[in-house]
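Participant: Here you go, query05.cif (mmCIF, C-alpha atoms):
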```cif
data_my_file
#
loop_
_atom_site.label_atom_id
_atom_site.label_comp_id
_atom_site.auth_asym_id
_atom_site.auth_seq_id
_atom_site.Cartn_x
_atom_site.Cartn_y
_atom_site.Cartn_z
CA MET A 1 130.07 269.77 223.13
CA SER A 2 127.83 268.62 225.92
CA ASN A 3 124.81 269.76 223.94
CA LEU A 4 123.93 266.84 221.71
CA ARG A 5 122.25 269.04 219.13
CA ASN A 6 125.45 271.03 218.73
CA VAL A 7 127.35 267.80 218.14
CA TYR A 8 124.97 266.76 215.38
CA LEU A 9 125.12 270.27 213.86
CA ILE A 10 128.91 270.17 213.75
CA LEU A 11 129.00 266.74 212.10
CA PHE A 12 126.27 267.79 209.66
CA SER A 13 128.13 270.96 208.65
CA LEU A 14 131.52 269.27 208.28
CA TYR A 15 130.21 266.45 206.12
CA TRP A 16 128.19 268.92 204.06
CA ALA A 17 131.34 270.95 203.38
CA GLN A 18 133.18 267.73 202.55
CA GLY A 19 130.41 266.61 200.20
CA LEU A 20 130.50 269.74 198.04
CA PRO A 21 133.73 269.03 196.10
CA VAL A 22 133.18 265.26 196.18
CA GLY A 23 129.71 265.80 194.74
CA PHE A 24 131.21 267.70 191.83
CA MET A 25 133.72 264.98 191.02
CA THR A 26 131.37 262.02 191.40
CA HIS A 27 128.13 263.49 190.02
CA ALA A 28 128.84 266.52 187.83
CA LEU A 29 132.22 265.69 186.28
CA PRO A 30 131.16 262.41 184.54
CA VAL A 31 128.18 264.23 182.99
CA ILE A 32 130.34 267.14 181.78
CA LEU A 33 132.92 264.77 180.31
CA ARG A 34 130.33 262.56 178.59
CA ALA A 35 128.62 265.60 177.11
CA GLN A 36 131.99 266.49 175.58
CA GLY A 37 132.12 263.04 173.95
CA VAL A 38 134.59 261.43 176.36
CA SER A 39 134.48 257.61 176.34
CA LEU A 40 133.37 255.51 179.32
CA ALA A 41 136.93 254.19 179.58
CA HIS A 42 138.37 257.70 179.96
CA ILE A 43 135.63 258.73 182.37
CA GLY A 44 136.49 255.69 184.46
CA GLY A 45 140.12 256.83 184.39
CA PHE A 46 139.11 259.96 186.26
CA GLY A 47 138.50 257.64 189.19
CA LEU A 48 142.21 258.18 189.93
CA LEU A 49 141.21 261.56 191.34
CA MET A 50 139.64 259.70 194.26
CA LEU A 51 142.94 257.98 195.11
CA PRO A 52 143.53 260.06 198.28
CA TRP A 53 140.33 258.61 199.76
CA SER A 54 141.73 255.12 199.26
CA ILE A 55 145.22 255.71 200.64
CA LYS A 56 144.38 258.13 203.45
CA ILE A 57 145.06 255.33 205.94
CA LEU A 58 148.76 256.07 205.29
CA TRP A 59 148.56 259.38 207.13
CA ALA A 60 145.57 258.67 209.40
CA PRO A 61 147.86 257.63 212.31
CA LEU A 62 149.54 261.04 212.07
CA VAL A 63 146.17 262.76 212.47
CA ASP A 64 145.50 260.62 215.55
CA LYS A 65 148.98 261.21 216.96
CA PHE A 66 149.61 264.90 216.36
CA GLY A 67 147.27 267.72 217.27
CA HIS A 68 147.14 271.00 219.15
CA GLN A 69 145.43 270.25 222.47
CA LYS A 70 144.60 273.87 223.27
CA LEU A 71 142.87 274.37 219.93
CA GLY A 72 141.44 270.85 220.05
CA HIS A 73 143.19 267.74 218.75
CA TYR A 74 140.96 267.17 215.72
CA ARG A 75 139.89 270.80 215.33
CA SER A 76 143.54 271.65 214.72
CA TRP A 77 143.29 269.50 211.56
CA ILE A 78 139.72 270.28 210.53
CA ILE A 79 139.94 274.07 210.53
CA PRO A 80 143.09 274.35 208.33
CA THR A 81 141.77 271.77 205.84
CA GLN A 82 138.45 273.62 205.59
CA LEU A 83 140.29 276.87 204.86
CA LEU A 84 142.51 275.14 202.27
CA THR A 85 139.41 273.71 200.55
CA ILE A 86 138.04 277.25 200.22
CA PHE A 87 141.33 278.38 198.67
CA VAL A 88 141.39 275.48 196.18
CA LEU A 89 137.78 276.11 195.11
CA ILE A 90 138.67 279.73 194.43
CA ALA A 91 141.70 278.60 192.40
CA LEU A 92 139.50 276.16 190.48
CA SER A 93 137.17 279.00 189.49
CA PHE A 94 140.00 280.61 187.47
CA ILE A 95 140.49 277.55 185.22
CA PRO A 96 138.33 278.19 182.10
CA ILE A 97 136.05 275.25 181.38
CA GLU A 98 136.09 275.95 177.65
CA SER A 99 139.87 275.37 177.60
CA LEU A 100 139.83 271.89 179.12
CA ASN A 101 140.50 270.40 175.70
CA GLN A 102 144.00 271.90 175.91
CA PRO A 103 146.62 269.68 177.65
CA VAL A 104 148.01 272.45 179.88
CA TYR A 105 144.60 273.43 181.25
CA LEU A 106 143.51 269.81 181.56
CA LEU A 107 146.62 268.99 183.60
CA ALA A 108 146.08 272.02 185.82
CA PHE A 109 142.45 270.99 186.29
CA PHE A 110 143.50 267.47 187.27
CA VAL A 111 146.14 268.71 189.75
CA VAL A 112 143.73 271.13 191.43
CA LEU A 113 141.03 268.44 191.77
CA LEU A 114 143.58 265.95 193.12
CA SER A 115 144.81 268.45 195.72
CA MET A 116 141.21 269.13 196.75
CA ASN A 117 140.66 265.42 197.31
CA LEU A 118 143.89 265.17 199.32
CA ILE A 119 142.72 267.99 201.58
CA GLY A 120 139.19 266.58 201.83
CA ALA A 121 140.47 263.11 202.72
CA THR A 122 142.54 264.57 205.55
CA GLN A 123 139.57 266.55 206.84
CA ASP A 124 137.54 263.34 206.73
CA ILE A 125 140.06 261.48 208.92
CA ALA A 126 139.90 264.19 211.56
CA THR A 127 136.11 264.50 211.40
CA ASP A 128 135.67 260.72 211.73
CA GLY A 129 138.06 260.70 214.70
CA LEU A 130 136.11 263.53 216.31
CA ALA A 131 132.81 261.70 215.74
CA VAL A 132 134.05 258.41 217.23
CA ASN A 133 135.28 260.22 220.35
CA ILE A 134 132.22 262.36 221.05
CA LEU A 135 129.39 260.00 220.11
CA LYS A 136 128.24 257.38 222.60
CA ASN A 137 127.06 253.98 221.38
CA GLU A 138 123.35 254.88 221.47
CA GLN A 139 124.07 258.12 219.56
CA GLN A 140 126.07 256.54 216.74
CA GLN A 141 123.17 255.78 214.39
CA TRP A 142 121.92 259.37 214.60
CA GLY A 143 125.43 260.77 214.30
CA ASN A 144 125.93 258.75 211.12
CA THR A 145 122.47 259.72 209.91
CA PHE A 146 123.44 263.38 210.13
CA GLN A 147 126.75 262.52 208.48
CA VAL A 148 124.99 260.97 205.48
CA ILE A 149 122.43 263.78 205.33
CA GLY A 150 125.22 266.37 205.37
CA SER A 151 127.30 264.64 202.71
CA ARG A 152 124.26 264.04 200.51
CA LEU A 153 123.31 267.70 200.78
CA GLY A 154 126.85 268.43 199.65
CA PHE A 155 126.25 266.14 196.68
CA ILE A 156 123.05 268.04 195.87
CA VAL A 157 124.90 271.33 195.68
CA GLY A 158 128.29 270.14 194.44
CA GLY A 159 126.80 267.80 191.84
CA GLY A 160 123.23 268.73 190.92
CA ALA A 161 123.28 272.46 191.55
CA ILE A 162 126.50 272.88 189.55
CA LEU A 163 125.01 271.13 186.53
CA TRP A 164 121.91 273.26 186.82
CA ALA A 165 123.92 276.45 187.37
CA LEU A 166 126.23 275.84 184.41
CA ASP A 167 123.22 276.37 182.12
CA TRP A 168 122.75 279.95 183.34
CA LEU A 169 125.68 280.91 185.63
CA ASN A 170 129.31 281.19 184.57
CA TRP A 171 131.95 278.72 185.71
CA GLN A 172 133.85 281.13 187.98
CA MET A 173 130.81 282.38 189.89
CA THR A 174 129.60 278.80 190.41
CA PHE A 175 132.79 277.80 192.20
CA LEU A 176 133.01 281.01 194.17
CA VAL A 177 129.54 280.21 195.54
CA LEU A 178 130.79 276.73 196.46
CA ALA A 179 133.75 278.30 198.29
CA GLY A 180 131.33 280.54 200.18
CA LEU A 181 129.24 277.54 201.25
CA VAL A 182 132.32 275.73 202.57
CA ALA A 183 133.19 278.87 204.53
CA LEU A 184 129.67 278.98 205.97
CA ASN A 185 129.92 275.37 207.06
CA THR A 186 133.22 276.09 208.80
CA LEU A 187 131.55 278.42 211.32
CA PRO A 188 130.11 275.72 213.67
CA ILE A 189 133.51 274.06 214.26
CA LEU A 190 135.14 277.48 214.67
CA LEU A 191 132.66 278.44 217.39
CA THR A 192 132.75 275.17 219.32
CA LYS A 193 135.32 273.85 221.78
CA GLU A 194 136.47 270.25 221.43
CA PRO A 195 136.54 268.09 224.57
CA GLN A 196 139.93 266.89 225.77
CA HIS A 197 140.86 263.35 224.77
CA LYS A 198 144.09 261.50 224.07
CA SER A 199 144.68 258.51 221.88
CA LYS A 200 147.21 255.79 222.52
CA LEU A 201 149.03 256.95 219.42
CA GLN A 202 149.36 260.41 220.92
CA GLN A 203 150.40 259.14 224.34
CA ASN A 204 153.24 257.13 222.83
CA ASN A 205 155.42 259.85 221.35
CA LYS A 206 158.18 257.36 220.52
CA ILE A 207 155.98 255.25 218.26
CA GLN A 208 157.66 254.22 215.00
CA PHE A 209 155.50 253.56 211.96
CA GLU A 210 157.36 250.44 210.86
CA TRP A 211 156.11 247.23 209.29
CA ALA A 212 156.03 245.52 212.70
CA ASN A 213 153.65 248.20 213.94
CA VAL A 214 151.52 247.82 210.82
CA LYS A 215 151.28 244.06 211.41
CA ALA A 216 150.41 244.64 215.05
CA TYR A 217 147.70 247.09 214.05
CA LEU A 218 146.21 244.78 211.40
CA SER A 219 146.10 241.94 213.92
CA TYR A 220 143.08 243.65 215.49
CA PHE A 221 141.01 242.90 212.40
CA THR A 222 142.22 239.30 212.15
CA GLN A 223 142.22 238.19 215.78
CA THR A 224 138.75 236.57 215.81
CA PRO A 225 136.53 234.83 213.23
CA LEU A 226 134.00 237.66 213.67
CA LEU A 227 136.51 240.38 212.82
CA MET A 228 137.91 238.35 209.93
CA SER A 229 134.39 237.94 208.61
CA TRP A 230 133.80 241.67 209.02
CA LEU A 231 136.98 242.38 207.06
CA ILE A 232 135.61 240.34 204.14
CA VAL A 233 132.36 242.34 204.31
CA LEU A 234 134.39 245.55 204.06
CA VAL A 235 136.25 244.25 201.00
CA THR A 236 133.11 243.18 199.13
CA PHE A 237 130.65 245.88 200.25
CA LYS A 238 131.46 248.46 197.54
CA VAL A 239 132.10 246.06 194.64
CA ALA A 240 128.75 246.74 192.94
CA ASP A 241 129.03 250.50 193.46
CA GLY A 242 132.54 250.56 192.02
CA LEU A 243 131.51 248.58 188.95
CA SER A 244 128.43 250.72 188.25
CA GLY A 245 129.89 254.13 189.16
CA PRO A 246 131.10 255.35 185.73
CA LEU A 247 128.01 254.05 183.89
CA LEU A 248 124.89 255.51 185.49
CA LYS A 249 125.30 259.23 184.77
CA PRO A 250 126.71 258.69 181.22
CA LEU A 251 123.75 256.40 180.53
CA MET A 252 121.45 259.33 181.27
CA VAL A 253 123.42 261.61 178.97
CA ASP A 254 123.12 259.01 176.19
CA MET A 255 119.37 258.77 176.87
CA GLY A 256 119.13 262.45 175.98
CA LEU A 257 118.88 264.21 179.34
CA SER A 258 120.19 267.77 179.51
CA PHE A 259 122.53 269.22 182.15
CA SER A 260 119.58 270.86 183.89
CA GLN A 261 117.50 267.67 183.86
CA ILE A 262 120.37 265.64 185.28
CA GLY A 263 121.23 268.37 187.75
CA ILE A 264 117.69 268.91 189.08
CA TYR A 265 115.72 265.71 188.51
CA VAL A 266 118.54 263.18 188.79
CA THR A 267 121.21 264.53 191.13
CA MET A 268 119.08 266.85 193.30
CA LEU A 269 116.00 264.63 193.41
CA GLY A 270 118.24 261.61 193.95
CA ALA A 271 120.06 263.34 196.78
CA PHE A 272 116.73 264.30 198.36
CA ALA A 273 115.72 260.63 198.15
CA ALA A 274 119.04 259.83 199.82
CA LEU A 275 118.18 262.21 202.66
CA VAL A 276 114.89 260.39 203.10
CA GLY A 277 116.76 257.08 203.00
CA ALA A 278 119.17 258.26 205.69
CA GLY A 279 116.24 259.22 207.91
CA ILE A 280 114.54 255.87 207.31
CA ALA A 281 117.75 254.03 208.18
CA GLY A 282 118.24 256.08 211.35
CA LEU A 283 114.71 255.30 212.50
CA SER A 284 114.88 251.65 211.50
CA LEU A 285 117.93 251.09 213.69
CA LYS A 286 115.74 251.83 216.69
CA PHE A 287 113.60 248.80 215.87
CA ILE A 288 115.83 246.27 214.08
CA SER A 289 119.42 245.21 214.66
CA ARG A 290 122.28 246.64 212.65
CA THR A 291 122.93 243.15 211.33
CA ASN A 292 119.41 242.67 209.97
CA ALA A 293 119.37 246.19 208.56
CA LEU A 294 122.60 245.62 206.62
CA LEU A 295 121.30 242.36 205.18
CA SER A 296 117.84 243.72 204.29
CA PHE A 297 119.12 246.91 202.68
CA SER A 298 121.73 244.93 200.70
CA ILE A 299 118.91 242.88 199.15
CA LEU A 300 117.09 246.11 198.27
CA LYS A 301 120.30 247.30 196.60
CA VAL A 302 120.17 244.37 194.18
CA PHE A 303 116.61 245.33 193.19
CA SER A 304 117.59 248.99 192.65
CA LEU A 305 120.46 247.99 190.36
CA SER A 306 118.10 245.65 188.51
CA ALA A 307 115.89 248.65 187.78
CA TYR A 308 118.88 250.33 186.12
CA ALA A 309 119.48 247.20 184.05
CA TYR A 310 115.85 247.45 182.92
CA LEU A 311 116.40 251.07 181.82
CA ALA A 312 119.48 249.97 179.86
CA TYR A 313 117.41 247.26 178.16
CA LEU A 314 114.78 249.80 177.10
CA PHE A 315 117.47 252.20 175.86
CA GLU A 316 119.31 249.62 173.75
CA ALA A 317 116.00 248.27 172.40
CA LYS A 318 115.17 251.86 171.33
CA ILE A 319 111.95 251.81 173.33
CA GLN A 320 110.72 255.24 174.41
CA ILE A 321 111.45 255.81 178.09
CA SER A 322 109.46 258.14 180.33
CA ARG A 323 111.68 260.78 181.88
CA TRP A 324 109.99 260.21 185.23
CA LEU A 325 110.77 256.51 185.08
CA ILE A 326 114.45 257.43 184.79
CA TYR A 327 114.18 259.89 187.66
CA SER A 328 112.32 257.37 189.83
CA VAL A 329 114.84 254.57 189.25
CA ASN A 330 117.69 256.92 190.10
CA ALA A 331 115.91 258.15 193.25
CA LEU A 332 115.27 254.56 194.37
CA GLU A 333 118.92 253.62 193.92
CA ASP A 334 120.12 256.72 195.77
CA MET A 335 117.69 256.14 198.62
CA VAL A 336 118.69 252.50 199.09
CA SER A 337 122.40 253.36 198.85
CA SER A 338 121.94 256.00 201.54
CA MET A 339 120.12 253.54 203.82
CA LEU A 340 122.97 251.08 203.39
CA LEU A 341 125.58 253.76 204.05
CA VAL A 342 124.05 254.85 207.36
CA VAL A 343 124.01 251.27 208.63
CA MET A 344 127.49 250.53 207.32
CA LEU A 345 129.05 253.63 208.88
CA THR A 346 127.35 252.86 212.18
CA LEU A 347 128.94 249.41 212.10
CA VAL A 348 132.31 250.87 211.08
CA MET A 349 132.09 253.15 214.10
CA GLN A 350 131.14 250.17 216.28
CA TYR A 351 134.34 248.38 215.21
CA SER A 352 136.52 251.49 215.78
CA ARG A 353 138.41 251.57 219.05
CA LYS A 354 138.31 254.85 220.99
CA ASP A 355 142.10 254.85 221.33
CA PHE A 356 142.59 254.63 217.55
CA ALA A 357 139.43 256.48 216.51
CA GLY A 358 140.54 258.21 213.32
CA THR A 359 142.81 255.37 212.20
CA ASP A 360 140.32 252.52 212.71
CA PHE A 361 137.47 254.40 211.06
CA THR A 362 139.70 255.52 208.21
CA PHE A 363 141.16 252.05 207.71
CA GLN A 364 137.73 250.47 207.29
CA VAL A 365 136.40 253.21 205.02
CA ALA A 366 139.64 253.18 203.02
CA ILE A 367 139.21 249.46 202.30
CA MET A 368 135.81 250.16 200.78
CA ALA A 369 137.08 253.23 198.89
CA THR A 370 140.09 251.34 197.51
CA VAL A 371 137.98 248.50 196.14
CA SER A 372 135.40 250.92 194.74
CA GLY A 373 138.04 253.21 193.21
CA ALA A 374 139.98 250.37 191.57
CA LEU A 375 136.83 248.91 190.06
CA TYR A 376 135.63 252.37 189.00
CA SER A 377 138.64 252.73 186.70
CA LEU A 378 138.17 249.22 185.32
CA SER A 379 134.40 249.58 184.94
CA GLY A 380 134.54 252.16 182.15
CA ILE A 381 136.58 249.79 179.99
CA LEU A 382 134.17 246.89 180.65
CA GLY A 383 131.19 249.15 179.96
CA ASP A 384 132.59 250.06 176.54
CA ILE A 385 133.17 246.36 175.79
CA PHE A 386 129.83 244.88 176.93
CA GLY A 387 127.44 247.80 176.57
CA TYR A 388 125.07 249.10 179.21
CA LYS A 389 122.49 246.27 179.29
CA ILE A 390 124.75 243.23 179.54
CA TYR A 391 127.20 244.90 181.89
CA LEU A 392 124.51 246.11 184.31
CA CYS A 393 123.03 242.58 184.38
CA ILE A 394 126.48 241.25 185.31
CA ILE A 395 126.72 243.86 188.07
CA CYS A 396 123.34 242.76 189.47
CA LEU A 397 124.58 239.19 189.66
CA ILE A 398 127.77 240.30 191.40
CA ALA A 399 125.74 242.41 193.87
CA LEU A 400 123.73 239.31 194.72
CA ILE A 401 126.90 237.27 195.31
CA THR A 402 128.35 239.94 197.64
CA ILE A 403 125.44 239.38 200.03
CA MET A 404 126.99 236.01 200.94
CA PRO A 405 129.78 237.52 203.13
CA ILE A 406 127.16 239.58 204.97
CA ILE A 407 125.15 236.45 205.71
CA LYS A 408 128.26 234.67 207.03
CA TRP A 409 129.19 237.68 209.20
CA SER A 410 125.62 238.03 210.51
CA LYS A 411 125.73 234.49 211.85
CA LEU A 412 128.81 235.32 213.90
CA ASN A 413 127.81 238.81 214.93
CA LYS A 414 126.37 239.46 218.37
CA SER A 415 126.30 243.26 218.06
CA PRO A 416 123.69 245.33 219.91
CA SER A 417 120.71 246.75 218.10
#
```
How does the structure come out when it is put into structure tokens?
Facilitator:
Amino acid sequence: MSNLRNVYLILFSLYWAQGLPVGFMTHALPVILRAQGVSLAHIGGFGLLMLPWSIKILWAPLVDKFGHQKLGHYRSWIIPTQLLTIFVLIALSFIPIESLNQPVYLLAFFVVLLSMNLIGATQDIATDGLAVNILKNEQQQWGNTFQVIGSRLGFIVGGGAILWALDWLNWQMTFLVLAGLVALNTLPILLTKEPQHKSKLQQNNKIQFEWANVKAYLSYFTQTPLLMSWLIVLVTFKVADGLSGPLLKPLMVDMGLSFSQIGIYVTMLGAFAALVGAGIAGLSLKFISRTNALLSFSILKVFSLSAYAYLAYLFEAKIQISRWLIYSVNALEDMVSSMLLVVMLTLVMQYSRKDFAGTDFTFQVAIMATVSGALYSLSGILGDIFGYKIYLCIICLIALITIMPIIKWSKLNKSPS
């Protein structure tokens, strides 16, 4: 992995493969459910499918501790999980979409999706650990840029392309194509040798995962005012995303957009805007500090959510809305979110110790995922109660408030640019 371009290619391919099933569950599934008349509250309940991404910290130390050194510590986790993902996608293709209104098929659908998230979350732990170990400090922003680009491309295919394909391609063939793409993205890691590295978890074979060890581990994030402040940033960072998650795609369904329109002009165009945003963020980190980038992009996030609140106002006032205004607002929000994500993941990597690479990275990301997932389930209920306009205005206010912890952290932070 001495060739830097190969490193970026591997990260890009792994996060692309990871983004395919996640893209389906976060972008396509809410649209499909809303089109079938499912309430916002029930759509929010499907946020439980993302539970493995919130609790993956529970088995992250095992990924750091156990691994086959000859095959490659993290490769020995990544390759099997990639192959299992392919198998699950093939299994998913045999569940008839037209039968999802039957309890037996719906339960099978839920179990298969949950298992796919469990596998994907484990692959993510190993991939993050691999990235932390092979990327030097000056390479982290570009490594995370390729990570976001790869995952967003996965969202394009797993979310947008599926919605588009369902209008002309049958359910089974769509998921078999997805399985083929995951297989294609497994080739780079299969053909590349992982450098030797050992974590402290691996070196200590007698380690016991007891509460005392958990307390000792957590002490890292509470030992200084800076790290305590960073912990608060992690807790509050995804609050606005979690609250708005179940609303945005259903809002577009209610505004009359078809599967193809949402698939192509919302999900695909939005994901392309996210790719542009990732590139902008990667370049910007060469000229401004990570601290200033996080603060600036967080302010832009408030404006992008305000644009959605404006769309909701027009919709509830029964004012005719240009389709391209909807597409543009969505693209803006996706671009800003992507810019924020690149910076945030770069900072998460900065606060991850080499000796606990997968665990530290996973712990920080899991905090954000847990907050977002919990609020996602609650958000659908609140959306049904308040309606789109009022609730999105509340979310904008909350997004503004969550900038305060970033400001406090930025005053303490002395991180490099």
Participant: By how many Å are CA of Val365 (chain A) and CA of Leu107 (chain A) apart?
Facilitator: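 So the two atoms, CA of Val365 (chain A) and CA of Leu107 (chain A), lie 28.5 Å apart.
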Participant: From the set A:Ser304, A:Thr224, A:Thr346, A:Thr236, which residue has the shortest atom-to-atom contact distance to Met368 (chain A), counting only C-alpha atoms?
Facilitator: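 Nearest candidate to Met368 (chain A) out of A:Ser304, A:Thr224, A:Thr346, A:Thr236: A:Thr236.
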Participant: Please enumerate the residues selected by the PyMOL selection byres ((chain A and resi 237) around 10) when evaluated against the supplied file, formatted as a ChimeraX atom specification.
Facilitator: /A:231-236,238-242,298,340,344,367-369,371-372,399,402-403,405-406
Participant: Enter the distance from CA of Val7 (chain A) to CA of Val182 (chain A), in Å, rounded to one decimal.
Facilitator: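 Distance between the two atoms: 18.2 Å.
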Participant: Could you tell me, as an MDAnalysis selection string, exactly which residues end up selected when the PyMOL selection byres ((chain A and resi 184-187) around 7) is applied to this structure?
Facilitator: chainID A and resid 13:14 17 82 180:183 188:191
Participant: Compile the contact shell of region 149-154 of chain A as a PyMOL selection string: residues with an atom at most 12 Å away, counting all atoms listed in the file, same-chain residues fewer than 3 positions apart removed.
Facilitator: chain A and resi 8-27+124+142-146+157-162+178+181-182+185+267-282+334-335+337-339+341-342
Participant: When you draw a straight line from CA of Asp128 (chain A) to CA of Ile288 (chain A), how long is it in Å?
Facilitator: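 Rounded to one decimal, the two atoms are 24.7 Å apart.
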Participant: For a quick check of understanding, using all atoms listed in the file, which of A:Lys193, A:Lys408, A:Lys389, A:Arg353 has the smallest distance to Leu295 (chain A)?
Facilitator: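 Using all atoms listed in the file, Leu295 (chain A) sits closest to A:Lys408.
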Participant: Using only C-alpha atoms, which residue out of A:Leu347, A:Leu163, A:Ile319, A:Ile390 lies closest to Ile32 (chain A)?
Facilitator: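 Closest residue, counting only C-alpha atoms: A:Leu163.
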Participant: Determine the residue membership of the PyMOL selection byres ((chain A and resi 90-94) around 12) for the file above and supply it as an mmCIF file with C-alpha atoms, in the frame of the given file.
Facilitator:
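Listing of result-v2.cif after writing:
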```
data_model
loop_
_atom_site.group_PDB
_atom_site.id
_atom_site.type_symbol
_atom_site.label_atom_id
_atom_site.label_comp_id
_atom_site.auth_asym_id
_atom_site.auth_seq_id
_atom_site.Cartn_x
_atom_site.Cartn_y
_atom_site.Cartn_z
ATOM 1 C CA PRO A 21 133.730 269.030 196.100
ATOM 2 C CA PHE A 24 131.210 267.700 191.830
ATOM 3 C CA LEU A 83 140.290 276.870 204.860
ATOM 4 C CA LEU A 84 142.510 275.140 202.270
ATOM 5 C CA THR A 85 139.410 273.710 200.550
ATOM 6 C CA ILE A 86 138.040 277.250 200.220
ATOM 7 C CA PHE A 87 141.330 278.380 198.670
ATOM 8 C CA VAL A 88 141.390 275.480 196.180
ATOM 9 C CA LEU A 89 137.780 276.110 195.110
ATOM 10 C CA ILE A 95 140.490 277.550 185.220
ATOM 11 C CA PRO A 96 138.330 278.190 182.100
ATOM 12 C CA ILE A 97 136.050 275.250 181.380
ATOM 13 C CA GLU A 98 136.090 275.950 177.650
ATOM 14 C CA SER A 99 139.870 275.370 177.600
ATOM 15 C CA TYR A 105 144.600 273.430 181.250
ATOM 16 C CA LEU A 106 143.510 269.810 181.560
ATOM 17 C CA ALA A 108 146.080 272.020 185.820
ATOM 18 C CA PHE A 109 142.450 270.990 186.290
ATOM 19 C CA PHE A 110 143.500 267.470 187.270
ATOM 20 C CA VAL A 111 146.140 268.710 189.750
ATOM 21 C CA VAL A 112 143.730 271.130 191.430
ATOM 22 C CA LEU A 113 141.030 268.440 191.770
ATOM 23 C CA LEU A 114 143.580 265.950 193.120
ATOM 24 C CA SER A 115 144.810 268.450 195.720
ATOM 25 C CA MET A 116 141.210 269.130 196.750
ATOM 26 C CA ASN A 170 129.310 281.190 184.570
ATOM 27 C CA TRP A 171 131.950 278.720 185.710
ATOM 28 C CA GLN A 172 133.850 281.130 187.980
ATOM 29 C CA MET A 173 130.810 282.380 189.890
ATOM 30 C CA THR A 174 129.600 278.800 190.410
ATOM 31 C CA PHE A 175 132.790 277.800 192.200
ATOM 32 C CA LEU A 176 133.010 281.010 194.170
ATOM 33 C CA VAL A 177 129.540 280.210 195.540
ATOM 34 C CA LEU A 178 130.790 276.730 196.460
ATOM 35 C CA ALA A 179 133.750 278.300 198.290
ATOM 36 C CA GLY A 180 131.330 280.540 200.180
ATOM 37 C CA LEU A 181 129.240 277.540 201.250
ATOM 38 C CA VAL A 182 132.320 275.730 202.570
ATOM 39 C CA ALA A 183 133.190 278.870 204.530
#
```
Participant: Quick one: residues within 12 Å of Gly256 (chain A), all atoms listed in the file counted, chain neighbours fewer than 2 positions away excluded, as a PyMOL selection string?
Facilitator: chain A and resi 31+34-35+249-254+258-262+315+320-323+326
Participant: Just need the box for region 249-260 of chain A, edges along x, y and z, holding every atom the file lists for it with 4 Å tacked onto each side, so centre and edge lengths in Å to one decimal, as AutoDock Vina command-line options.
Facilitator:
```
--center_x 122.8 --center_y 263.6 --center_z 180.4 --size_x 15.8 --size_y 22.5 --size_z 16.8
```
Participant: Pick from A:Leu40, A:Ile398, A:Ala331, A:Ile78: nearest to Phe386 (chain A), with all atoms listed in the file counted?
Facilitator: A:Leu40
Participant: Could you pull the residues within 7 Å of Cys396 (chain A), counting only C-alpha atoms, minus those fewer than 5 positions along the same chain, as a PyMOL selection string?
Facilitator: chain A and resi 302+305-306
Participant: Give me the residues within 9 Å of Val348 (chain A) as a PyMOL selection string, counting all atoms listed in the file and dropping any in the same chain fewer than 5 places off.
Facilitator: chain A and resi 343+360-361+364-365
Participant: Would you mind exporting region 252-267 of chain A with C-alpha atoms, as a compact mmCIF listing (two decimals), in the first residue's frame?
Facilitator:
```txt
# COMPACT_ATOMS: atom_id res chain seq x y z
CA MET A 252 -41.22 15.27 -1.88
CA VAL A 253 -43.62 12.37 -2.32
CA ASP A 254 -46.43 14.53 -0.89
CA MET A 255 -45.44 17.34 -3.27
CA GLY A 256 -46.20 14.98 -6.14
CA LEU A 257 -42.78 13.79 -7.31
CA SER A 258 -42.63 10.36 -8.93
CA PHE A 259 -40.17 7.56 -8.13
CA SER A 260 -38.14 8.44 -11.21
CA GLN A 261 -38.07 12.16 -10.38
CA ILE A 262 -36.97 11.46 -6.81
CA GLY A 263 -34.50 8.84 -7.98
CA ILE A 264 -32.86 10.93 -10.71
CA TYR A 265 -33.33 14.60 -9.83
CA VAL A 266 -33.37 14.34 -6.04
CA THR A 267 -31.24 11.39 -4.97
```
